[in-house]
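Some notes on the structure that comes next.
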Amino acid sequence: MTACAIESAAENGTRAGCVITADGSYAARLAPRGDSLFPERWTLDGPEPYAVPLPGKQPEEPGTEVQPMADGRVLIHRVPDGRHTFSLLYPTGPGTGEVPLGAVECRDGTTELRLLPPAPGGLRAYAVAVGRSSTTVWLVAGGPFGPERLAEVPGRCSGGVWLSGGDRLLALDRELGGRTKTVVVDLERDGEVSPLLQIAEGSNDRLLLADADSGLLLIRSDAPSPGQDRLGWGVLGSTLPVRFPDSLRLADHTVTPFAIQPGQMLTPEYCAVALRIAGGGARAGEGSWLGVWRPVERRIHQLPAPEGWLTGSGLWTKDGVLRLPYATETLPCGVSRVVAPAEAVDEASLITHPAEYADSSARSFPDSADSVAPLEEPAEPDDELPGSGRPVPLQQAPFTVRRLSSAFAGRRLAQAARAERGAVEEVTVE
C-alpha cells in the first residue's frame, strides 16, 4: 500500500481523523463519548466495516495517540506526568485488555515524542523523539524488551515516510542549519543517514508521501518560489526533473496529499493521488473537501467529502477506489467509496511528449500548461526564478539516495542502475 506521512499539527493544520494500517485492514481513532474520548478500533477488511470500543479505566487525554497493529490490537501512547508510556489494547468481551510495553522518559522537558506512521507489515511500531539538536528513532512495539532506541539523527526532524515497502528505510524531514531537507535513515545499518531531497542549496524540501510500488513521490518545497511552499512530484530512481505543476496550486486554499493509488508498478504518472483541500482558515476538517489528481493530468478533480469524514484519512485500492472512513450520529462506523475519475490526458502533457526531457543534462523544469482554479481557465506556465528567462533549474542539487540501491531490489530502475554501474551506486531523482 501507499506509504504515508503524518505531518505535525503545525505543518498540516489538523491531525488525521484516524490512523489506518499500511495494508488497510484496521483503523484506530480516539472516539468522542459525550465530553470524553476513548480508543476505538475499526475493522476494514470484511464485507462491512465495524467498530470495537476499547475504553480504559478513565477517559483519554486529547493528546493521546493510537495506532492499529496488523493483529488487531491497538497501540496507545499516553503522556502521564511527562512520561511517554506505551501499551497494546485488545477487546476482552465487555472490557478492554491492556499489555504494558514500557515507557520512554524525556528528562529535559522540551523533547517532543510522537508516533511514526504505521510501518508496512504492521508488526512493529516506531516513534521519534525530537530534542533541541537531535532526533531519536525508537522502536516502541514489536521488540523483545520494550521500547528500544534505534538511531539518533542530528537536527530536528518532522514528517516520516516509509520508502521501500518495509520498515528499514525511513525518510525524515530534518531541520539543520536553518534549512529543512529530507534524509533517509537506514534502521538496519545503525541509523546510517543519507540525503534524499536536495533541490536547491537554500530551499526547504519535505517529503509528504511515497508509493513503494511505483516510486511516486509527493513533496513540498519552496525551491520554485522562494518563501512560498509548492507541491511537486517526482519518481524515485528517475533521471527526469521534479515538477511543481500549477494544477496543484489553488488560490487561498491549502492542498495536502494523503494517499497514493498503489499497484501501478511501471506507470507512476497514472497513480491517482487523494488530496485534502481546505479553505482559508479551515480547521479540524471544517471547510474541507476532496481532490483527486494524477501527474499525467493537468487538473484537480474536486469532489465533496462524505458527511462525517474523518478528515485526512483514507486509502486507495489498486483498482482506483478511494475508501474514506466517516462517522455520523446515525452511522458511527462507515466507509465511503469514491471511484477515481477517468484520466483526461492532455496531448501536450509531459508524459505523451517525453521529447521535452531529451536533454536531461539541463535538469530544468519544462514549461507547464497546468490549470489553476477555476479549472476551466486557460493554462499558464510554471513559476520561474525572479529575473530568469528559463524554468527553475535543478542542476545544482539533484535528488539522491546514496548507497541504497540494494534496498530497492526488484524495482526496474534500481535493477538497471545496478546493471550499468554496480550495486553500490546512487539512485537519483531529479
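Here's how to read the names in the C-alpha cells: chain A, B, ... by the order shown, residue numbers from 1 in each chain, ligand numbers from 1 in the order shown.
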Name the residues of segment 120-288 of chain A that fall into strand (DSSP E or B) according to DSSP on the backbone, using the chain letters and numbers of this document, as a PyMOL selection string.
chain A and resi 125-130+134-141+148-154+156-162+169-176+179-186+192-195+205-211+216-221+230-235+243+253-260+273-279+288
Would you write out those residues with C-alpha atoms, as an mmCIF file, in the first residue's frame?
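Now in result39.cif:
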```
data_model
loop_
_atom_site.group_PDB
_atom_site.id
_atom_site.type_symbol
_atom_site.label_atom_id
_atom_site.label_comp_id
_atom_site.auth_asym_id
_atom_site.auth_seq_id
_atom_site.Cartn_x
_atom_site.Cartn_y
_atom_site.Cartn_z
ATOM 1 C CA ALA A 125 5.585 0.451 15.621
ATOM 2 C CA TYR A 126 8.037 3.337 15.803
ATOM 3 C CA ALA A 127 8.270 6.801 17.306
ATOM 4 C CA VAL A 128 10.587 9.792 17.088
ATOM 5 C CA ALA A 129 11.714 11.942 19.995
ATOM 6 C CA VAL A 130 12.622 15.432 18.763
ATOM 7 C CA SER A 134 18.897 15.844 17.566
ATOM 8 C CA THR A 135 16.103 13.358 16.892
ATOM 9 C CA THR A 136 15.962 9.806 18.234
ATOM 10 C CA VAL A 137 14.129 6.968 16.475
ATOM 11 C CA TRP A 138 12.548 4.439 18.856
ATOM 12 C CA LEU A 139 11.025 1.002 18.306
ATOM 13 C CA VAL A 140 8.084 1.130 20.732
ATOM 14 C CA ALA A 141 6.129 -2.048 19.846
ATOM 15 C CA GLU A 148 14.349 0.232 22.050
ATOM 16 C CA ARG A 149 16.495 3.154 20.916
ATOM 17 C CA LEU A 150 17.452 2.563 17.258
ATOM 18 C CA ALA A 151 19.123 5.685 15.871
ATOM 19 C CA GLU A 152 19.989 9.289 16.615
ATOM 20 C CA VAL A 153 19.834 11.828 13.796
ATOM 21 C CA PRO A 154 21.499 15.259 14.142
ATOM 22 C CA ARG A 156 15.211 18.366 14.494
ATOM 23 C CA CYS A 157 13.091 16.032 12.356
ATOM 24 C CA SER A 158 9.451 16.111 11.313
ATOM 25 C CA GLY A 159 7.346 14.119 8.851
ATOM 26 C CA GLY A 160 8.060 10.420 8.448
ATOM 27 C CA VAL A 161 7.642 8.236 5.341
ATOM 28 C CA TRP A 162 8.474 4.543 4.833
ATOM 29 C CA LEU A 169 14.270 2.865 5.212
ATOM 30 C CA LEU A 170 12.663 5.827 6.962
ATOM 31 C CA ALA A 171 12.568 9.293 5.375
ATOM 32 C CA LEU A 172 12.539 12.236 7.788
ATOM 33 C CA ASP A 173 12.444 15.983 7.135
ATOM 34 C CA ARG A 174 15.475 17.281 9.026
ATOM 35 C CA GLU A 175 15.922 20.900 10.043
ATOM 36 C CA LEU A 176 19.626 21.656 10.276
ATOM 37 C CA ARG A 179 17.087 24.696 6.300
ATOM 38 C CA THR A 180 14.872 21.616 6.061
ATOM 39 C CA LYS A 181 15.931 18.725 3.815
ATOM 40 C CA THR A 182 14.640 15.166 3.658
ATOM 41 C CA VAL A 183 17.092 12.452 4.669
ATOM 42 C CA VAL A 184 16.859 8.656 4.742
ATOM 43 C CA VAL A 185 17.635 6.725 7.923
ATOM 44 C CA ASP A 186 18.625 3.077 7.399
ATOM 45 C CA GLU A 192 23.014 5.489 8.713
ATOM 46 C CA VAL A 193 21.777 8.808 7.296
ATOM 47 C CA SER A 194 21.788 9.630 3.562
ATOM 48 C CA PRO A 195 20.401 12.688 1.704
ATOM 49 C CA ASP A 205 12.351 20.435 0.872
ATOM 50 C CA ARG A 206 9.963 17.990 2.532
ATOM 51 C CA LEU A 207 8.693 14.549 1.514
ATOM 52 C CA LEU A 208 4.948 14.135 2.089
ATOM 53 C CA LEU A 209 4.103 10.776 0.506
ATOM 54 C CA ALA A 210 5.869 7.921 -1.262
ATOM 55 C CA ASP A 211 4.457 4.884 -3.021
ATOM 56 C CA LEU A 216 5.959 8.201 -6.972
ATOM 57 C CA LEU A 217 6.987 10.951 -4.535
ATOM 58 C CA LEU A 218 4.892 13.934 -3.398
ATOM 59 C CA ILE A 219 6.980 16.752 -1.986
ATOM 60 C CA ARG A 220 6.592 20.257 -0.630
ATOM 61 C CA SER A 221 9.334 22.769 -1.384
ATOM 62 C CA ARG A 230 4.722 24.478 -3.559
ATOM 63 C CA LEU A 231 3.571 20.896 -4.089
ATOM 64 C CA GLY A 232 5.627 18.870 -6.542
ATOM 65 C CA TRP A 233 6.153 15.318 -7.700
ATOM 66 C CA GLY A 234 8.998 13.084 -8.826
ATOM 67 C CA VAL A 235 9.796 9.401 -9.201
ATOM 68 C CA ARG A 243 7.870 19.170 -11.377
ATOM 69 C CA HIS A 253 -6.592 27.100 -0.265
ATOM 70 C CA THR A 254 -4.328 24.559 1.402
ATOM 71 C CA VAL A 255 -3.807 21.349 -0.580
ATOM 72 C CA THR A 256 -2.450 18.336 1.331
ATOM 73 C CA PRO A 257 -1.959 14.890 -0.279
ATOM 74 C CA PHE A 258 -2.859 11.966 1.982
ATOM 75 C CA ALA A 259 -2.934 8.802 -0.171
ATOM 76 C CA ILE A 260 -1.466 7.434 -3.423
ATOM 77 C CA VAL A 273 -3.427 10.957 -5.562
ATOM 78 C CA ALA A 274 -6.031 11.892 -2.944
ATOM 79 C CA LEU A 275 -5.888 15.471 -1.682
ATOM 80 C CA ARG A 276 -7.454 17.269 1.224
ATOM 81 C CA ILE A 277 -8.417 20.794 0.127
ATOM 82 C CA ALA A 278 -9.126 23.295 2.882
ATOM 83 C CA GLY A 279 -10.411 26.812 2.547
ATOM 84 C CA SER A 288 -12.514 20.682 3.758
#
```
Quick one: DSSP alpha helix (DSSP H) residues in segment 6-82 of chain A, as number ranges by chain?
A: 9-12
Go ahead and compute the interatomic distance for atom CA of Leu290 of chain A and atom CA of Cys333 of chain A, in Å to one decimal.
19.7 Å
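Proximity ranking of A:Gly287, A:Leu115, A:Gly121, A:Glu48 relative to Arg78 of chain A places A:Leu115 first, based on only C-alpha atoms.
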Who sits within 12 Å of Thr330 of chain A, only C-alpha atoms, same chain under 4 positions skipped, as a short mmCIF file (atom, residue, chain, number, x, y, z; two decimals) with N, CA, C and O atoms, in the first residue's frame:
```cif
data_model
loop_
_atom_site.label_atom_id
_atom_site.label_comp_id
_atom_site.auth_asym_id
_atom_site.auth_seq_id
_atom_site.Cartn_x
_atom_site.Cartn_y
_atom_site.Cartn_z
N GLU A 307 -20.22 13.15 4.50
CA GLU A 307 -20.58 13.69 5.80
C GLU A 307 -19.90 12.88 6.90
O GLU A 307 -19.90 11.66 6.89
N GLY A 308 -19.29 13.59 7.83
CA GLY A 308 -18.64 12.91 8.94
C GLY A 308 -17.27 12.34 8.62
O GLY A 308 -16.73 11.56 9.41
N TYR A 326 -15.76 7.42 7.75
CA TYR A 326 -16.57 8.51 8.28
C TYR A 326 -17.40 8.00 9.45
O TYR A 326 -17.62 6.79 9.62
N GLY A 334 -18.49 3.98 9.20
CA GLY A 334 -18.80 3.80 7.79
C GLY A 334 -17.59 4.10 6.92
O GLY A 334 -16.67 4.79 7.32
#
```
Skip Arg124 of chain A itself and residues of its chain fewer than 5 positions away, then list as an mmCIF file with N, CA and C atoms, in the first residue's frame all residues within 12 Å of it, counting only C-alpha atoms.
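Okay, this is what ended up in result_27.cif:
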```cif
data_model
loop_
_atom_site.group_PDB
_atom_site.id
_atom_site.type_symbol
_atom_site.label_atom_id
_atom_site.label_comp_id
_atom_site.auth_asym_id
_atom_site.auth_seq_id
_atom_site.Cartn_x
_atom_site.Cartn_y
_atom_site.Cartn_z
ATOM 1 N N THR A 21 -3.834 1.040 9.071
ATOM 2 C CA THR A 21 -2.666 0.195 8.841
ATOM 3 C C THR A 21 -2.241 0.275 7.381
ATOM 4 N N ALA A 22 -0.978 -0.070 7.117
ATOM 5 C CA ALA A 22 -0.449 0.044 5.760
ATOM 6 C C ALA A 22 -1.202 -0.845 4.783
ATOM 7 N N GLN A 67 -2.652 3.789 17.393
ATOM 8 C CA GLN A 67 -2.233 3.251 16.106
ATOM 9 C C GLN A 67 -2.609 1.784 16.017
ATOM 10 N N PRO A 68 -3.290 1.370 14.953
ATOM 11 C CA PRO A 68 -3.677 -0.045 14.822
ATOM 12 C C PRO A 68 -2.490 -0.908 14.426
ATOM 13 N N MET A 69 -2.487 -2.152 14.901
ATOM 14 C CA MET A 69 -1.475 -3.131 14.533
ATOM 15 C C MET A 69 -2.110 -4.179 13.626
ATOM 16 N N ALA A 70 -1.272 -4.934 12.922
ATOM 17 C CA ALA A 70 -1.777 -5.899 11.943
ATOM 18 C C ALA A 70 -2.546 -7.040 12.593
ATOM 19 N N ASP A 71 -2.319 -7.321 13.887
ATOM 20 C CA ASP A 71 -3.020 -8.418 14.563
ATOM 21 C C ASP A 71 -4.325 -7.973 15.202
ATOM 22 N N ARG A 73 -4.734 -5.568 17.484
ATOM 23 C CA ARG A 73 -4.553 -4.789 18.706
ATOM 24 C C ARG A 73 -4.284 -3.323 18.362
ATOM 25 N N VAL A 74 -4.416 -2.474 19.347
ATOM 26 C CA VAL A 74 -4.232 -1.036 19.137
ATOM 27 C C VAL A 74 -3.152 -0.545 20.088
ATOM 28 N N LEU A 75 -2.117 0.078 19.522
ATOM 29 C CA LEU A 75 -1.076 0.706 20.318
ATOM 30 C C LEU A 75 -1.570 2.062 20.804
ATOM 31 N N LEU A 88 -0.536 -2.003 24.502
ATOM 32 C CA LEU A 88 -1.367 -2.596 23.454
ATOM 33 C C LEU A 88 -2.730 -2.920 24.037
ATOM 34 N N LEU A 115 4.325 9.231 17.552
ATOM 35 C CA LEU A 115 4.354 8.001 16.767
ATOM 36 C C LEU A 115 4.609 8.312 15.301
ATOM 37 N N LEU A 116 5.345 7.425 14.640
ATOM 38 C CA LEU A 116 5.504 7.496 13.195
ATOM 39 C C LEU A 116 4.328 6.808 12.519
ATOM 40 N N PRO A 117 4.104 7.040 11.228
ATOM 41 C CA PRO A 117 3.019 6.349 10.521
ATOM 42 C C PRO A 117 3.184 4.827 10.610
ATOM 43 N N PRO A 118 2.088 4.076 10.509
ATOM 44 C CA PRO A 118 2.180 2.617 10.583
ATOM 45 C C PRO A 118 3.186 2.060 9.586
ATOM 46 N N ALA A 119 4.038 1.178 10.068
ATOM 47 C CA ALA A 119 5.059 0.580 9.213
ATOM 48 C C ALA A 119 4.452 -0.538 8.377
ATOM 49 N N TRP A 138 12.806 5.506 17.889
ATOM 50 C CA TRP A 138 12.548 4.439 18.856
ATOM 51 C C TRP A 138 11.662 3.356 18.233
ATOM 52 N N LEU A 139 11.954 2.105 18.530
ATOM 53 C CA LEU A 139 11.025 1.002 18.306
ATOM 54 C C LEU A 139 10.214 0.856 19.584
ATOM 55 N N VAL A 140 8.902 1.102 19.515
ATOM 56 C CA VAL A 140 8.084 1.130 20.732
ATOM 57 C C VAL A 140 7.140 -0.058 20.845
ATOM 58 N N ALA A 141 6.961 -0.841 19.789
ATOM 59 C CA ALA A 141 6.129 -2.048 19.846
ATOM 60 C C ALA A 141 6.683 -3.060 18.849
ATOM 61 N N GLY A 142 6.699 -4.326 19.256
ATOM 62 C CA GLY A 142 7.201 -5.373 18.384
ATOM 63 C C GLY A 142 8.612 -5.821 18.696
ATOM 64 N N GLY A 143 9.287 -5.151 19.619
ATOM 65 C CA GLY A 143 10.625 -5.548 20.031
ATOM 66 C C GLY A 143 10.566 -6.548 21.175
ATOM 67 N N PRO A 144 11.705 -7.178 21.497
ATOM 68 C CA PRO A 144 11.698 -8.207 22.541
ATOM 69 C C PRO A 144 11.709 -7.663 23.961
ATOM 70 N N GLY A 146 10.625 -4.251 25.140
ATOM 71 C CA GLY A 146 10.027 -2.946 25.325
ATOM 72 C C GLY A 146 10.649 -1.909 24.410
ATOM 73 N N PRO A 147 10.429 -0.606 24.669
ATOM 74 C CA PRO A 147 10.967 0.440 23.793
ATOM 75 C C PRO A 147 12.477 0.316 23.631
ATOM 76 N N GLU A 148 12.933 0.412 22.380
ATOM 77 C CA GLU A 148 14.349 0.232 22.050
ATOM 78 C C GLU A 148 14.821 1.424 21.217
ATOM 79 N N GLY A 166 8.983 -1.780 3.279
ATOM 80 C CA GLY A 166 9.256 -2.423 4.552
ATOM 81 C C GLY A 166 9.542 -1.369 5.593
ATOM 82 N N ASP A 167 10.052 -1.804 6.755
ATOM 83 C CA ASP A 167 10.332 -0.846 7.824
ATOM 84 C C ASP A 167 11.835 -0.698 8.046
ATOM 85 N N ARG A 168 12.579 -0.707 6.952
ATOM 86 C CA ARG A 168 14.014 -0.479 7.037
ATOM 87 C C ARG A 168 14.390 0.972 6.750
#
```
